[in-house]
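Participant: Pasting structure-v8.cif below, which is mmCIF, C-alpha atoms.
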```cif
data_final
#
loop_
_atom_site.label_atom_id
_atom_site.label_comp_id
_atom_site.auth_asym_id
_atom_site.auth_seq_id
_atom_site.Cartn_x
_atom_site.Cartn_y
_atom_site.Cartn_z
CA MET A 58 -58.88 112.43 67.23
CA VAL A 59 -57.76 110.02 64.48
CA PRO A 60 -54.73 107.91 65.50
CA PRO A 61 -51.69 108.06 63.21
CA ALA A 62 -51.57 105.63 60.30
CA ALA A 63 -49.48 102.49 60.40
CA PRO A 64 -45.79 102.64 59.42
CA ASP A 65 -44.95 103.84 55.91
CA LEU A 66 -48.10 105.99 55.89
CA ALA A 67 -50.35 103.04 55.07
CA ARG A 68 -53.97 104.14 55.28
CA ILE A 69 -57.10 102.61 56.78
CA ILE A 70 -59.99 103.46 54.48
CA LEU A 71 -63.59 102.74 55.52
CA ILE A 72 -66.14 102.59 52.68
CA GLY A 73 -69.78 102.19 53.62
CA GLY A 74 -73.16 102.39 51.96
CA GLY A 75 -76.25 100.46 50.99
CA ALA A 76 -76.59 97.44 48.76
CA ARG A 77 -75.55 98.07 45.14
CA SER A 78 -74.49 101.61 45.99
CA GLY A 79 -71.11 101.42 44.21
CA LYS A 80 -68.96 100.97 47.32
CA SER A 81 -67.20 97.76 46.20
CA ARG A 82 -66.44 99.15 42.75
CA PHE A 83 -65.00 102.29 44.33
CA ALA A 84 -62.87 100.18 46.71
CA LEU A 85 -61.38 98.17 43.85
CA GLN A 86 -60.65 101.28 41.80
CA ARG A 87 -59.02 102.95 44.77
CA ALA A 88 -56.97 99.85 45.61
CA ARG A 89 -55.55 99.73 42.10
CA ARG A 90 -54.17 103.24 42.62
CA LEU A 91 -52.58 102.41 45.96
CA GLY A 92 -50.31 99.53 45.00
CA ASP A 93 -49.42 96.72 42.62
CA LYS A 94 -49.46 93.84 45.11
CA ARG A 95 -53.15 93.54 45.91
CA VAL A 96 -55.07 91.12 48.11
CA PHE A 97 -58.84 90.75 48.30
CA VAL A 98 -60.14 89.23 51.54
CA ALA A 99 -63.61 87.79 50.92
CA THR A 100 -65.85 87.13 53.92
CA GLY A 101 -68.79 85.60 52.00
CA GLN A 102 -69.59 81.90 52.15
CA SER A 103 -70.99 79.74 49.32
CA LEU A 104 -73.86 78.29 51.31
CA ASP A 105 -76.31 78.06 48.39
CA ASP A 106 -76.41 78.40 44.60
CA GLU A 107 -77.46 82.05 44.67
CA MET A 108 -74.59 83.05 46.96
CA SER A 109 -72.16 80.99 44.89
CA GLU A 110 -73.16 82.92 41.78
CA ARG A 111 -72.80 86.24 43.63
CA ILE A 112 -69.29 85.30 44.68
CA ALA A 113 -68.42 84.16 41.14
CA ALA A 114 -69.70 87.49 39.77
CA HIS A 115 -67.50 89.38 42.24
CA VAL A 116 -64.48 87.34 41.15
CA ARG A 117 -65.18 88.14 37.49
CA THR A 118 -65.65 91.83 38.27
CA ARG A 119 -62.38 92.35 40.09
CA GLY A 120 -60.34 90.34 37.56
CA PRO A 121 -56.99 88.61 38.00
CA ASP A 122 -55.04 91.49 39.52
CA PHE A 123 -56.05 90.64 43.11
CA ARG A 124 -54.96 87.58 45.06
CA THR A 125 -58.04 86.28 46.86
CA VAL A 126 -58.08 85.10 50.47
CA GLU A 127 -61.38 83.58 51.63
CA GLU A 128 -61.93 84.06 55.37
CA PRO A 129 -65.51 84.20 56.67
CA LEU A 130 -64.67 84.07 60.40
CA GLU A 131 -61.06 84.68 61.46
CA LEU A 132 -60.60 88.06 59.83
CA PRO A 133 -58.08 89.53 62.33
CA ALA A 134 -55.82 86.49 61.94
CA ALA A 135 -56.15 86.58 58.15
CA LEU A 136 -55.01 90.21 58.05
CA GLY A 137 -52.16 89.46 60.44
CA ALA A 138 -50.92 86.72 58.13
CA ILE A 139 -50.64 88.99 55.08
CA ASP A 140 -47.07 90.24 54.77
CA ASP A 141 -46.56 90.60 51.02
CA ALA A 142 -49.18 93.15 49.96
CA ASP A 143 -49.26 96.85 49.19
CA VAL A 144 -53.02 97.06 49.58
CA VAL A 145 -55.77 94.79 50.97
CA VAL A 146 -59.51 95.07 50.33
CA VAL A 147 -61.86 93.45 52.86
CA ASP A 148 -65.34 92.87 51.46
CA CYS A 149 -67.32 92.95 53.53
CA LEU A 150 -67.37 93.68 57.25
CA THR A 151 -71.10 93.19 57.71
CA LEU A 152 -70.98 89.70 56.18
CA TRP A 153 -68.19 88.87 58.63
CA LEU A 154 -70.29 90.12 61.56
CA SER A 155 -73.26 88.12 60.30
CA ASN A 156 -71.12 85.00 60.04
CA LEU A 157 -70.00 85.40 63.65
CA LEU A 158 -73.58 85.80 64.90
CA VAL A 159 -74.86 82.84 62.88
CA ARG A 160 -72.00 80.76 64.29
CA GLY A 161 -73.42 81.51 67.72
CA ASP A 162 -71.04 84.18 69.02
CA THR A 163 -72.55 86.37 71.72
CA GLU A 164 -72.78 90.13 71.48
CA ALA A 165 -69.78 90.48 73.77
CA GLN A 166 -67.77 87.98 71.73
CA VAL A 167 -68.51 89.83 68.50
CA ASP A 168 -67.49 93.13 70.07
CA ALA A 169 -64.25 91.49 71.20
CA ARG A 170 -63.59 90.27 67.63
CA VAL A 171 -64.11 93.83 66.36
CA GLN A 172 -61.56 95.06 68.90
CA ALA A 173 -59.16 92.36 67.67
CA LEU A 174 -59.74 93.50 64.09
CA ALA A 175 -58.99 97.11 65.02
CA ALA A 176 -55.77 95.99 66.72
CA ALA A 177 -54.74 93.96 63.65
CA LEU A 178 -55.40 96.96 61.40
CA LEU A 179 -53.25 99.22 63.54
CA ARG A 180 -50.36 96.73 63.27
CA ARG A 181 -50.51 96.15 59.51
CA ARG A 182 -48.08 97.75 57.01
CA PHE A 183 -50.36 97.79 53.94
CA HIS A 184 -53.21 100.06 52.87
CA ALA A 185 -56.46 98.52 54.13
CA LEU A 186 -59.80 99.24 52.46
CA LEU A 187 -62.79 98.04 54.48
CA VAL A 188 -66.11 97.70 52.65
CA THR A 189 -69.23 97.58 54.80
CA ASN A 190 -73.00 97.92 54.58
CA GLU A 191 -74.75 100.71 56.46
CA VAL A 192 -77.70 98.85 57.96
CA GLY A 193 -78.87 101.36 60.55
CA LEU A 194 -80.90 103.68 58.32
CA GLY A 195 -84.02 101.55 57.87
CA ILE A 196 -86.83 100.36 60.10
CA VAL A 197 -86.16 98.48 63.34
CA PRO A 198 -85.71 94.79 62.41
CA GLU A 199 -88.53 92.41 63.33
CA THR A 200 -86.41 89.71 64.92
CA ALA A 201 -84.09 89.74 67.92
CA LEU A 202 -81.23 88.47 65.74
CA GLY A 203 -81.85 91.24 63.21
CA ARG A 204 -81.80 93.88 65.93
CA LEU A 205 -78.63 92.40 67.39
CA PHE A 206 -76.97 92.43 63.96
CA ARG A 207 -77.92 96.08 63.45
CA ASP A 208 -76.52 97.00 66.86
CA VAL A 209 -73.19 95.16 66.53
CA ALA A 210 -72.73 96.57 63.02
CA GLY A 211 -73.31 100.11 64.27
CA ARG A 212 -70.80 99.70 67.09
CA ALA A 213 -68.28 98.10 64.73
CA HIS A 214 -68.59 101.05 62.37
CA GLN A 215 -68.00 103.50 65.20
CA ARG A 216 -64.94 101.57 66.40
CA LEU A 217 -63.38 101.28 62.96
CA ALA A 218 -64.24 104.83 61.93
CA ALA A 219 -62.30 106.02 64.97
CA ILE A 220 -59.07 104.54 63.55
CA SER A 221 -59.72 105.25 59.86
CA ASP A 222 -57.68 107.81 57.97
CA GLU A 223 -60.34 108.13 55.27
CA ILE A 224 -64.09 107.49 55.26
CA PHE A 225 -66.36 107.31 52.21
CA LEU A 226 -70.14 106.87 51.99
CA ALA A 227 -71.72 105.46 48.83
CA ILE A 228 -75.33 106.52 48.31
CA LEU A 229 -77.54 106.72 45.21
CA GLY A 230 -74.63 105.69 43.00
CA THR A 231 -72.49 108.53 44.31
CA VAL A 232 -69.47 108.20 46.61
CA LEU A 233 -69.07 110.98 49.15
CA ARG A 234 -65.80 111.68 50.91
CA VAL A 235 -66.56 112.17 54.60
CA ARG A 236 -62.98 112.21 55.92
CA PRO A 237 -60.76 114.09 55.33
CA GLU A 238 -62.89 117.20 55.24
CA PRO A 239 -64.43 118.99 53.46
CA LEU A 240 -67.33 116.75 52.45
CA ALA A 241 -67.12 116.24 48.68
CA ILE A 242 -68.06 113.91 45.86
CA ALA A 243 -65.21 111.47 45.30
CA PRO A 244 -64.52 110.60 41.64
CA PRO A 245 -63.79 106.87 41.14
CA GLY A 246 -60.36 106.00 42.52
CA SER A 247 -59.61 109.64 43.23
CA ASP A 248 -57.11 111.20 45.56
CA PRO A 249 -59.15 111.88 48.72
CA HIS A 250 -57.12 114.99 49.43
CA ALA A 251 -58.18 116.68 46.19
CA THR A 252 -60.83 119.30 46.92
CA ASP A 253 -61.85 120.47 43.47
CA GLY A 254 -63.92 117.38 42.58
CA ALA A 255 -61.66 116.46 39.68
CA PRO A 256 -59.58 113.32 39.33
CA PRO A 257 -55.83 113.83 39.88
#
```
Represent the structure of the file as structure tokens.

Facilitator:
Amino acid sequence: MVPPAAPDLARIILIGGGARSGKSRFALQRARRLGDKRVFVATGQSLDDEMSERIAAHVRTRGPDFRTVEEPLELPAALGAIDDADVVVVDCLTLWLSNLLVRGDTEAQVDARVQALAAALLRRRFHALLVTNEVGLGIVPETALGRLFRDVAGRAHQRLAAISDEIFLAILGTVLRVRPEPLAIAPPGSDPHATDGAPP
């Protein structure tokens, strides 16, 4: 059973998919429909030139209508500190989990941080859109760290899906609405409660 949304009917929206599947674009389009005061919480870190350019490209793509908060590690605290937004996009959860593991957090510590994130989400008063990578559909990773990452990501997705009001899956350039039912193709930025496949 999905718990009730936060006060004022603010929604938790989980958007997953593979790399370059359209999930981030969909999240930004949806966020623009949900409110005028928008915050983008970025979990990526500029550790090399290639990542710096990726981050710069993301900034250019989303434009000036989002205030950016960079927080690679303390995501629950960052969300708890936001009190002036209608809608917040977190991009992305799997980078955050990776950052925690690379920092040296144990499996139990990462799971505890996910629980803290879920608690912060249930307390917030803004719409929260969580972008994440589905990493459990491929082959078993070669390394112990890769297998640990896959496992903590899968458990995080289960935990956050349990509290999400809406769930979308981006695959092959198409965004599917998984919750609320029925399963349907979601037009960019669409009302998830529409069932005819047409934008509102």

Participant: Have a look at A:Ile242, A:Ala88, A:Val209, A:Leu130 and name the one nearest to Glu191 in chain A; count only C-alpha atoms.

Facilitator: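 Checking each candidate against Glu191 in chain A, we get A:Val209 as the closest.
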
Participant: Which residues fall under the PyMOL selection byres ((chain A and resi 137) around 12) in this file, as a JSON list (two decimals) with C-alpha atoms, in the frame of the given file?

Facilitator:
```
[["chain", "number", "residue", "atom", "x", "y", "z"],
["A", 98, "VAL", "CA", -60.14, 89.23, 51.54],
["A", 131, "GLU", "CA", -61.06, 84.68, 61.46],
["A", 132, "LEU", "CA", -60.60, 88.06, 59.83],
["A", 133, "PRO", "CA", -58.08, 89.53, 62.33],
["A", 134, "ALA", "CA", -55.82, 86.49, 61.94],
["A", 135, "ALA", "CA", -56.15, 86.58, 58.15],
["A", 136, "LEU", "CA", -55.01, 90.21, 58.05],
["A", 138, "ALA", "CA", -50.92, 86.72, 58.13],
["A", 139, "ILE", "CA", -50.64, 88.99, 55.08],
["A", 140, "ASP", "CA", -47.07, 90.24, 54.77],
["A", 141, "ASP", "CA", -46.56, 90.60, 51.02],
["A", 142, "ALA", "CA", -49.18, 93.15, 49.96],
["A", 145, "VAL", "CA", -55.77, 94.79, 50.97],
["A", 173, "ALA", "CA", -59.16, 92.36, 67.67],
["A", 174, "LEU", "CA", -59.74, 93.50, 64.09],
["A", 175, "ALA", "CA", -58.99, 97.11, 65.02],
["A", 176, "ALA", "CA", -55.77, 95.99, 66.72],
["A", 177, "ALA", "CA", -54.74, 93.96, 63.65],
["A", 178, "LEU", "CA", -55.40, 96.96, 61.40],
["A", 179, "LEU", "CA", -53.25, 99.22, 63.54],
["A", 180, "ARG", "CA", -50.36, 96.73, 63.27],
["A", 181, "ARG", "CA", -50.51, 96.15, 59.51],
["A", 182, "ARG", "CA", -48.08, 97.75, 57.01],
["A", 183, "PHE", "CA", -50.36, 97.79, 53.94],
["A", 185, "ALA", "CA", -56.46, 98.52, 54.13]]
```

Participant: Nearest to Lys80 in chain A: which of A:Ala210, A:Ala227, A:Leu202, A:Ala241 is it, counting only C-alpha atoms?

Facilitator: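 Closest candidate: A:Ala227.
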
Participant: Pull the closest atom pair for each residue of range 83-192 of chain A that gets at most 10 Å from range 203-208 of chain A, along with the distance in Å to one decimal, counting all atoms listed in the file, ordering rows by chain and then ascending residue number, as CSV.

Facilitator:
```
residue,atom,partner,partner_atom,distance
A:Thr151,CA,A:Phe206,CA,8.6
A:Leu154,CA,A:Phe206,CA,7.5
A:Ser155,CA,A:Phe206,CA,6.8
A:Leu157,CA,A:Phe206,CA,9.9
A:Leu158,CA,A:Phe206,CA,7.5
A:Val159,CA,A:Phe206,CA,9.9
A:Thr163,CA,A:Leu205,CA,9.6
A:Glu164,CA,A:Leu205,CA,7.5
A:Val167,CA,A:Phe206,CA,9.9
A:Glu191,CA,A:Arg207,CA,9.0
A:Val192,CA,A:Arg207,CA,6.2
```

Participant: Would you mind telling me which residue in A:Leu186, A:Ile228, A:Leu240, A:Leu217 lies nearest to Arg77 in chain A when using only C-alpha atoms?

Facilitator: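 Ranked by minimum distance to Arg77 in chain A, first place goes to A:Ile228.
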
Participant: What would the selection look like, as a ChimeraX atom specification, if the PyMOL selection byres ((chain A and resi 68) around 8) were run on the coordinates I just shared?

Facilitator: /A:62-63,66-67,69-70,183-185,221-223

Participant: Here is a test: counting only C-alpha atoms, which residue of A:Ile224, A:Ala243, A:Val96, A:Leu233 is nearest to Leu71 in chain A?

Facilitator: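 For Leu71 in chain A, the nearest of the given residues is A:Ile224.
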
Participant: On this structure, which residues satisfy the PyMOL selection byres ((chain A and resi 190) around 8), written as number ranges by chain?

Facilitator: A: 73-76, 149-151, 188-189, 191-192

Participant: Residues at most 8 Å from Leu91 in chain A, counting all atoms listed in the file, excluding those fewer than 4 positions away in the same chain, as a CSV table (one decimal) with C-alpha atoms, in the coordinates of the input?

Facilitator:
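Done, and the output landed in selection.csv:
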```csv
chain,number,residue,atom,x,y,z
A,87,ARG,CA,-59.0,103.0,44.8
A,143,ASP,CA,-49.3,96.8,49.2
A,144,VAL,CA,-53.0,97.1,49.6
A,184,HIS,CA,-53.2,100.1,52.9
```

Participant: Using all atoms listed in the file, which residue out of A:Pro239, A:Gly161, A:Gly101, A:Gly120 lies closest to Val147 in chain A?

Facilitator: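 Distance minimum relative to Val147 in chain A lands on A:Gly101.
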
Participant: Which one is closest to Leu187 in chain A: A:Val146, A:Ala99, A:Leu229, A:Ala165? Count all atoms listed in the file.

Facilitator: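 For Leu187 in chain A, the nearest of the candidates is A:Val146.
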
Participant: Tell me, in Å to one decimal, how far CA of Phe225 in chain A is from CA of Phe123 in chain A.

Facilitator: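 That distance, rounded to one decimal, is 21.6 Å.
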
Participant: Can you measure CA of Arg82 in chain A to CA of Glu110 in chain A for me? One decimal in Å is fine.

Facilitator: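 It comes out at 17.6 Å.
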
Participant: To one decimal place in Å, what is the distance between CA of Arg170 in chain A and CA of Asp148 in chain A?

Facilitator: 16.5 Å
